Amino acid sequence: MDIAVITGASSGMGREFVYALDKQQQFDEIWVIARRLERLEELKFKCKASIRPIPLDLEKRESFDVYKNLLEEHRPNIRVLVNAAGHGLFGTFTEMSMSRQLDIIDLNARALTAMCYMSLEYMNKGSEIYNMGSMSSWQPVPYINVYGASKAYVLSFSRALGVELKDRGIKVMAVCPGWIKTEFFYHAVHDDTISYYNRYYEAKPVIEKALKDMAKGKTVSVLGFPERMQARLVKIMPVNFVMKTWCRQQGK
């Protein structure tokens, strides 16, 4: 049984990945993972592939056992894994909930790592992994501190994992977009600490570019010429200068 597995599939980037992959490829099933079962059920009527809703909260470690047991029961061939589940908070580190910030690490880094680890036993030559990073993967970002650090992990992890899996013929890509207007964005805004947003993108073109970049064998996908230039520049600029520039843009 050939399947795709997509986390964060109830909304935003994850949901758009479901639509894009269903249109691009043929799967026996698409396993869609998120907390809200009713949102996952809706996908059954919007896709040509058979949709298997799997309501899980990936911030909780017991969810990993549920997924692992499903894999052992069905023994699928995972052709595509998309780790799109994500959580963030924009604001001052000490003025936001410690628990919610630890949740960011649990979902953005720990759960993504676990999903890759458990899925790889069921992936073969030609399989693909898309991990959702961010433009904040490239630099330290004050006032988006923990989120940015978690996305830096995603970029580093994805690149290194891709090297380890090269001999198996499994490709890994970090998708690192700029500002995207999704549900995630509105949940992440804690207060008015972050007020400057240079430009917005829609989820659909980000994903379309990611699919094309994967076909070209790229390991990182960044939509937009200004974003690609920014990613290059922050690698050669002094870190303190980069952070001061960001803070100045936010009026700090």
# chains A, B, ... in the order shown; residues from 1 in each chain; ligands from 1
>>> residues_around(residues="A:Gly169", least_positions_apart="5", cutoff="12 Å", atoms="only C-alpha atoms", output="list in words")
Arg79, Leu120, Met123, Asn124, Lys125, Gly126, Ser127, Glu128, Ile129, Leu161, Gly162, Val163, Glu164 and Gly217 of chain A
>>> residues_around(residues="A:Lys151", least_positions_apart="5", cutoff="7 Å", atoms="only C-alpha atoms", output="MDAnalysis selection string")
chainID A and resid 133:134 136:137
>>> atom_distance(atom1="atom CA of A:Arg52", atom2="atom CA of A:Arg168")
27.3 Å
>>> select_by_dssp(residues="stretch 11-128 of chain A", states="alpha helix (DSSP H)", output="MDAnalysis selection string")
chainID A and resid 12:24 37:42 62:74 98:105 112:120
>>> atom_distance(atom1="atom CA of A:Tyr153", atom2="atom CA of A:Pro140")
11.5 Å
>>> closest_atom_pairs(of="stretch 62-87 of chain A", to="stretch 11-22 of chain A", cutoff="8 Å", atoms="only C-alpha atoms", output="CSV")
residue,atom,partner,partner_atom,distance
A:Val82,CA,A:Gly14,CA,7.6
A:Asn83,CA,A:Gly14,CA,7.8
A:Ala84,CA,A:Gly14,CA,5.0
A:Ala85,CA,A:Gly14,CA,6.9
>>> write_last_selection(atoms="N, CA and C atoms", output="compact mmCIF listing (two decimals), in the first residue's frame")
# COMPACT_ATOMS: atom_id res chain seq x y z
N VAL A 82 5.38 14.39 5.09
CA VAL A 82 5.40 15.85 5.25
C VAL A 82 5.23 16.18 6.72
N ASN A 83 6.22 16.80 7.30
CA ASN A 83 6.14 17.27 8.69
C ASN A 83 5.79 18.75 8.67
N ALA A 84 4.48 19.02 8.66
CA ALA A 84 4.00 20.40 8.59
C ALA A 84 3.40 20.89 9.90
N ALA A 85 3.26 20.01 10.88
CA ALA A 85 2.74 20.44 12.18
C ALA A 85 3.72 21.41 12.81
>>> select_by_dssp(residues="stretch 9-171 of chain A", states="strand (DSSP E or B)", output="CSV table (one decimal) with C-alpha atoms, in the first residue's frame")
chain,number,residue,atom,x,y,z
A,29,GLU,CA,-4.2,6.3,1.0
A,30,ILE,CA,-3.1,9.6,2.5
A,31,TRP,CA,-2.7,9.5,6.2
A,32,VAL,CA,-3.6,12.9,7.7
A,33,ILE,CA,-2.5,13.7,11.2
A,34,ALA,CA,-3.7,16.6,13.5
A,50,SER,CA,-8.6,7.5,0.2
A,51,ILE,CA,-8.1,9.7,3.3
A,52,ARG,CA,-7.2,8.1,6.7
A,53,PRO,CA,-7.8,10.6,9.5
A,54,ILE,CA,-5.5,10.1,12.5
A,55,PRO,CA,-6.4,12.5,15.3
A,77,ASN,CA,5.2,1.9,1.7
A,78,ILE,CA,5.5,5.6,2.7
A,79,ARG,CA,6.3,7.4,-0.5
A,80,VAL,CA,6.0,10.9,1.0
A,81,LEU,CA,6.3,12.2,4.6
A,82,VAL,CA,5.4,15.9,5.2
A,83,ASN,CA,6.1,17.3,8.7
A,90,PHE,CA,5.8,36.0,18.9
A,128,GLU,CA,10.6,12.0,-0.1
A,129,ILE,CA,10.5,13.9,3.2
A,130,TYR,CA,9.4,17.5,3.5
A,131,ASN,CA,10.2,19.2,6.8
A,132,MET,CA,8.7,22.7,7.4
A,171,LYS,CA,15.4,12.7,-0.4
>>> closest_residue(among="A:Leu223, A:Val206, A:Gln139, A:Tyr147", to="A:Lys235", atoms="only C-alpha atoms")
A:Gln139
>>> atom_distance(atom1="atom CA of A:Ala152", atom2="atom CA of A:Ala215")
23.7 Å
>>> residues_around(residues="A:Phe157", least_positions_apart="6", cutoff="10 Å", atoms="only C-alpha atoms", output="NGL selection string")
:A and (109 or 112-113 or 131 or 151 or 172 or 174)
>>> write_last_selection(atoms="C-alpha atoms", output="PDB file, in the first residue's frame")
ATOM      1  CA  ALA A 109      11.661  19.594  16.834  1.00  0.00           C
ATOM      2  CA  LEU A 112       9.302  16.045  13.672  1.00  0.00           C
ATOM      3  CA  THR A 113      12.345  13.980  14.619  1.00  0.00           C
ATOM      4  CA  ASN A 131      10.199  19.236   6.765  1.00  0.00           C
ATOM      5  CA  LYS A 151      13.330  26.022  12.946  1.00  0.00           C
ATOM      6  CA  VAL A 172      14.960  15.163   2.394  1.00  0.00           C
ATOM      7  CA  ALA A 174      13.643  21.726   4.379  1.00  0.00           C
TER       8      ALA A 174
END
>>> closest_residue(among="A:Glu41, A:Leu71, A:Pro76, A:Ile105", to="A:Leu58", atoms="only C-alpha atoms")
A:Ile105
>>> closest_residue(among="A:Lys68, A:Lys209, A:Lys60, A:Arg159", to="A:Pro177", atoms="only C-alpha atoms")
A:Lys209
>>> closest_residue(among="A:Phe93, A:Phe64, A:Tyr143, A:Trp179", to="A:Cys116", atoms="only C-alpha atoms")
A:Phe64
>>> decode(residues="stretch 36-101 of chain A", atoms="C-alpha atoms", output="mmCIF file, in the first residue's frame")
data_model
loop_
_atom_site.group_PDB
_atom_site.id
_atom_site.type_symbol
_atom_site.label_atom_id
_atom_site.label_comp_id
_atom_site.auth_asym_id
_atom_site.auth_seq_id
_atom_site.Cartn_x
_atom_site.Cartn_y
_atom_site.Cartn_z
ATOM 1 C CA ARG A 36 -8.986 18.159 15.125
ATOM 2 C CA LEU A 37 -10.702 15.048 13.782
ATOM 3 C CA GLU A 38 -13.592 16.971 12.225
ATOM 4 C CA ARG A 39 -11.179 19.007 10.088
ATOM 5 C CA LEU A 40 -9.426 15.840 8.963
ATOM 6 C CA GLU A 41 -12.720 14.185 8.073
ATOM 7 C CA GLU A 42 -13.502 17.068 5.709
ATOM 8 C CA LEU A 43 -10.572 16.022 3.517
ATOM 9 C CA LYS A 44 -12.367 12.798 2.570
ATOM 10 C CA PHE A 45 -14.653 14.814 0.323
ATOM 11 C CA LYS A 46 -11.932 16.943 -1.240
ATOM 12 C CA CYS A 47 -9.356 14.385 -2.396
ATOM 13 C CA LYS A 48 -9.311 11.593 -4.950
ATOM 14 C CA ALA A 49 -7.122 9.382 -2.750
ATOM 15 C CA SER A 50 -8.573 7.544 0.211
ATOM 16 C CA ILE A 51 -8.075 9.678 3.323
ATOM 17 C CA ARG A 52 -7.242 8.073 6.676
ATOM 18 C CA PRO A 53 -7.811 10.623 9.470
ATOM 19 C CA ILE A 54 -5.512 10.062 12.455
ATOM 20 C CA PRO A 55 -6.370 12.457 15.310
ATOM 21 C CA LEU A 56 -3.187 12.863 17.342
ATOM 22 C CA ASP A 57 -1.624 15.575 19.465
ATOM 23 C CA LEU A 58 2.039 15.266 18.508
ATOM 24 C CA GLU A 59 3.098 17.387 21.465
ATOM 25 C CA LYS A 60 2.345 14.282 23.554
ATOM 26 C CA ARG A 61 4.786 11.391 23.408
ATOM 27 C CA GLU A 62 2.045 8.784 23.689
ATOM 28 C CA SER A 63 0.958 9.833 20.193
ATOM 29 C CA PHE A 64 4.166 8.345 18.833
ATOM 30 C CA ASP A 65 3.098 4.901 20.066
ATOM 31 C CA VAL A 66 -0.228 5.205 18.251
ATOM 32 C CA TYR A 67 1.507 6.060 14.969
ATOM 33 C CA LYS A 68 4.130 3.339 15.428
ATOM 34 C CA ASN A 69 1.414 0.737 16.047
ATOM 35 C CA LEU A 70 -0.466 1.795 12.915
ATOM 36 C CA LEU A 71 2.688 1.370 10.858
ATOM 37 C CA GLU A 72 3.333 -2.068 12.308
ATOM 38 C CA GLU A 73 -0.257 -3.109 11.636
ATOM 39 C CA HIS A 74 -0.498 -1.943 8.004
ATOM 40 C CA ARG A 75 3.162 -2.150 6.852
ATOM 41 C CA PRO A 76 2.699 0.605 4.230
ATOM 42 C CA ASN A 77 5.183 1.945 1.727
ATOM 43 C CA ILE A 78 5.538 5.613 2.702
ATOM 44 C CA ARG A 79 6.337 7.448 -0.504
ATOM 45 C CA VAL A 80 6.020 10.934 0.996
ATOM 46 C CA LEU A 81 6.285 12.213 4.561
ATOM 47 C CA VAL A 82 5.402 15.851 5.247
ATOM 48 C CA ASN A 83 6.136 17.268 8.685
ATOM 49 C CA ALA A 84 4.001 20.404 8.588
ATOM 50 C CA ALA A 85 2.738 20.437 12.179
ATOM 51 C CA GLY A 86 4.109 23.521 13.874
ATOM 52 C CA HIS A 87 3.561 25.990 16.664
ATOM 53 C CA GLY A 88 5.060 29.380 17.476
ATOM 54 C CA LEU A 89 4.790 32.434 19.709
ATOM 55 C CA PHE A 90 5.848 35.982 18.887
ATOM 56 C CA GLY A 91 6.737 38.078 21.916
ATOM 57 C CA THR A 92 9.256 38.636 24.710
ATOM 58 C CA PHE A 93 10.650 35.349 26.052
ATOM 59 C CA THR A 94 10.160 36.123 29.762
ATOM 60 C CA GLU A 95 6.658 37.514 29.244
ATOM 61 C CA MET A 96 5.200 34.416 27.632
ATOM 62 C CA SER A 97 4.170 31.089 29.131
ATOM 63 C CA MET A 98 7.091 28.723 29.719
ATOM 64 C CA SER A 99 4.812 25.760 29.086
ATOM 65 C CA ARG A 100 3.676 27.051 25.708
ATOM 66 C CA GLN A 101 7.253 27.753 24.670
#
